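Taking it in order: structure first as structure tokens, then the write-up.
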Amino acid sequence: MLERTPRQTLDPAKFRDPERTAKGEKRASVMLRRLDTLWLNTGSLCNITCAHCYIESSPTNDRLSYLTLDDAVMYFDEIESLGWDVREIGLTGGEPFMNPDCCRIIRTALERGFDVLVLTNAMQPLLRPRVQQDLLSIKEDCAGSLIFRVSLDHFTQEFHEEERGEKTWDKTLKGLQWLSQNGFSIAIAGRTCWGEDEDVERAGYHALFQKLSLNIDPSDPSQLVLFPEMDEEQDVPEITVDCWKILNQDPNAMMCASSRMVVKRKGEALPTVLPCTLLPYDAQFEMGPHLADATGAVKLNHPHCAKFCVLGGASCSG
């Protein structure tokens with residue numbers, strides 16, 4: 001019987017000072033080398049409540065308001081005025097298809113020449129007839145790359161529903177099959193929190209994909225992305241400036257070297273820009289409402305910076 005990987009609680013002295021670690025060493029930082037992916041957080045509301053959601057999405061969490069089409073266009077216009085060569089617009093949440101402007105944002109981004117990556121649970125919000133009709137129309141009308149990355153936490157119903165709740169497995173598979181049958185490009189986001197060997201996990205997904213006739217290559221890390229548990233209270237080492245050489249890591253390969261995320265906080269008139277998708281609520285990472293003001297160094301002063309990006313080598317981008 002598999003169980004979630006045991007954890008050691010985070011030392012409370014860590015990740016307190018943006019300049020220095022708990023040991024007094026200079027903390028590592030990352031500069032924006034180019035903006036390759038702009039993430040739009042469509043809002044923190046979701047149709048389900050997962051057991052371990054880093055953004056605490058649920059049917060009642062509206063701390064992040066719905067991002068409107070006008071909000072998105074404001075950033076598309078700024079990208080154009082700055083002359084930045086942004087490749088990709090990513091939509092995340094919450095569940096993006098809870099947002100009534102989601103399909104219009106997708107269409108507009110594609111029409112403006114961006115690739116679009118949508119992170120979704122592929123459940124009922126996506127399967128509503130109006131949303132399906134809109135997506136089929138977008139597929140017919142718009143050029144460019146549109147990829148749906150579907151959250152399927154494990155290749156078994158038991159562990160997927162341990163995370164997502166009862167009766168979520170069949171609904172997710174229904175959404176996956178609808179996307180596949182209608183010719184949409186699909187990737188999968190799984191989790192590694194049960195301590196399985198990665199080859200075992202990929203083999204398990206491979207068998208499932210074959211059973212469902214899904215054209216997804218589980219050996220391709222961009223088609224099957226396996227994310228570690230994102231637990232802010234789990235102990236991880238702090239990253240110092242010396243760690244780049246020790247770990248043989250390039251700071252330019254970190255997510256915050258090539259991406260930013262836009263969120264709109266409840267009650268605020270304007271959205272704000274953050275370094276990445278993993279830090280939606282931490283005020284120390286707010287960079288202001290404009291992309292032009294969000295080019296400064298990001299201090300790696302959060303457990304997610306260490307475990308997910310530097311040590312995990314992961315990225316949310318397509």
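So you can find residues: chains in the structure tokens are A, B, ... in the order shown, residues in each start at 1, and ligands are numbered from 1 in order.
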Point to revise | Which of range 45-160 of chain A fall in helix (DSSP H, G or I), as number ranges by chain | key: A: 69-82, 96-98, 102-111, 124-127, 129-141, 157-160
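Taking only C-alpha atoms, the non-local environment of Ala292 in chain A within 10 Å (same-chain residues fewer than 2 positions away omitted) comprises Glu78, Ile79, Leu82, Val273, Met287, Gly288, Pro289, His290, Ala294, Thr295 and Gly296 of chain A.
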Practice item. Name the residues of range 38-79 of chain A that come out as strand (DSSP E) in a backbone DSSP run; write them as a PyMOL selection string. Key: chain A and resi 38-41
Review point. What gap, in Å, lies between CA of Ser65 in chain A and CA of Leu91 in chain A?
Key: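 Separation of CA of Ser65 in chain A and CA of Leu91 in chain A: 13.9 Å.
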Rows by chain and residue number, range 85-133 of chain A within 10 Å of range 183-194 of chain A, shortest pair, only C-alpha atoms, as a Markdown table:
```
| residue | atom | partner | partner_atom | distance |
| --- | --- | --- | --- | --- |
| A:Leu117 | CA | A:Ala187 | CA | 9.6 |
| A:Val118 | CA | A:Ile186 | CA | 9.7 |
| A:Leu119 | CA | A:Ala189 | CA | 8.7 |
| A:Thr120 | CA | A:Ala189 | CA | 9.5 |
| A:Asn121 | CA | A:Ala189 | CA | 9.6 |
```
Those residues you just picked out, can you put them in a file as a short mmCIF file (atom, residue, chain, number, x, y, z; two decimals), in the first residue's frame with C-alpha atoms?
```cif
data_model
loop_
_atom_site.label_atom_id
_atom_site.label_comp_id
_atom_site.auth_asym_id
_atom_site.auth_seq_id
_atom_site.Cartn_x
_atom_site.Cartn_y
_atom_site.Cartn_z
CA LEU A 117 -1.56 26.72 -22.28
CA VAL A 118 -4.63 26.10 -20.08
CA LEU A 119 -4.33 24.25 -16.76
CA THR A 120 -7.66 22.55 -16.03
CA ASN A 121 -9.20 19.65 -14.13
#
```
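Residue nearest Gln132 in chain A within the list A:Ile48, A:Thr240, A:Trp178, A:Ser81: A:Trp178 [criterion: smallest interatomic distance, only C-alpha atoms].
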Point to revise | Of the listed residues A:Asn252, A:Asp85, A:Val241, A:Glu95, that which approaches Lys26 in chain A most closely, counting only C-alpha atoms | key: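 Residue with the minimum atom-to-atom distance to Lys26 in chain A: A:Val241.
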Check your understanding: For Thr156 in chain A, which residue among A:Leu136, A:Val131, A:Ile239, A:Ala207 is the nearest when counting only C-alpha atoms?
Key -> A:Ala207
Exercise for review: Go ahead and compute the interatomic distance for CA of Asp197 in chain A and CA of Glu162 in chain A, in Å to one decimal.
Suggested key: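 Between CA of Asp197 in chain A and CA of Glu162 in chain A the gap works out to 19.2 Å.
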Practice item. Identify, on the basis of only C-alpha atoms, every residue whose closest approach to Pro125 in chain A does not exceed 12 Å; exclude the query and any residue fewer than 6 positions from it along the same chain; express the result as a PyMOL selection string. Key: chain A and resi 45-48+59+94-100+102-103+131-132+171-172+175
How about saving the chosen residues, N, CA and C atoms kept, as a short mmCIF file (atom, residue, chain, number, x, y, z; two decimals), in the first residue's frame?
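In the end it all went to result_26.cif:
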```cif
data_model
loop_
_atom_site.label_atom_id
_atom_site.label_comp_id
_atom_site.auth_asym_id
_atom_site.auth_seq_id
_atom_site.Cartn_x
_atom_site.Cartn_y
_atom_site.Cartn_z
N LEU A 45 -11.41 30.59 -7.45
CA LEU A 45 -12.55 29.70 -7.32
C LEU A 45 -12.34 28.44 -8.15
N CYS A 46 -12.79 27.31 -7.58
CA CYS A 46 -12.66 26.02 -8.26
C CYS A 46 -13.92 25.20 -7.97
N ASN A 47 -14.22 24.26 -8.81
CA ASN A 47 -15.40 23.41 -8.61
C ASN A 47 -15.18 22.31 -7.60
N ILE A 48 -13.91 22.06 -7.21
CA ILE A 48 -13.60 21.04 -6.21
C ILE A 48 -12.62 21.61 -5.18
N PRO A 59 -14.66 25.91 -4.01
CA PRO A 59 -15.88 26.60 -4.44
C PRO A 59 -16.17 27.89 -3.67
N GLY A 94 -7.22 28.30 -9.21
CA GLY A 94 -8.59 27.89 -9.49
C GLY A 94 -8.75 27.07 -10.75
N GLU A 95 -10.00 26.93 -11.13
CA GLU A 95 -10.34 26.27 -12.38
C GLU A 95 -10.67 27.34 -13.41
N PRO A 96 -9.84 27.49 -14.46
CA PRO A 96 -10.06 28.59 -15.41
C PRO A 96 -11.46 28.64 -16.00
N PHE A 97 -12.08 27.49 -16.22
CA PHE A 97 -13.39 27.52 -16.89
C PHE A 97 -14.53 27.87 -15.94
N MET A 98 -14.23 28.16 -14.68
CA MET A 98 -15.20 28.81 -13.79
C MET A 98 -15.37 30.28 -14.19
N ASN A 99 -14.33 30.86 -14.77
CA ASN A 99 -14.32 32.27 -15.13
C ASN A 99 -15.13 32.47 -16.42
N PRO A 100 -16.16 33.32 -16.39
CA PRO A 100 -17.00 33.49 -17.59
C PRO A 100 -16.28 34.08 -18.79
N CYS A 102 -13.17 33.12 -19.67
CA CYS A 102 -12.05 32.25 -19.99
C CYS A 102 -11.91 32.00 -21.49
N CYS A 103 -12.98 31.61 -22.14
CA CYS A 103 -12.88 31.29 -23.58
C CYS A 103 -12.57 32.54 -24.40
N VAL A 131 -19.37 26.11 -23.02
CA VAL A 131 -17.91 26.11 -23.05
C VAL A 131 -17.41 25.20 -24.17
N GLN A 132 -18.02 24.02 -24.30
CA GLN A 132 -17.63 23.11 -25.37
C GLN A 132 -17.81 23.77 -26.74
N LYS A 171 -15.23 11.81 -13.93
CA LYS A 171 -15.52 13.11 -14.55
C LYS A 171 -14.30 13.67 -15.27
N THR A 172 -13.13 13.48 -14.66
CA THR A 172 -11.90 13.94 -15.31
C THR A 172 -11.63 13.15 -16.58
N GLY A 175 -13.77 14.37 -19.40
CA GLY A 175 -13.26 15.59 -20.00
C GLY A 175 -12.05 15.32 -20.89
#
```
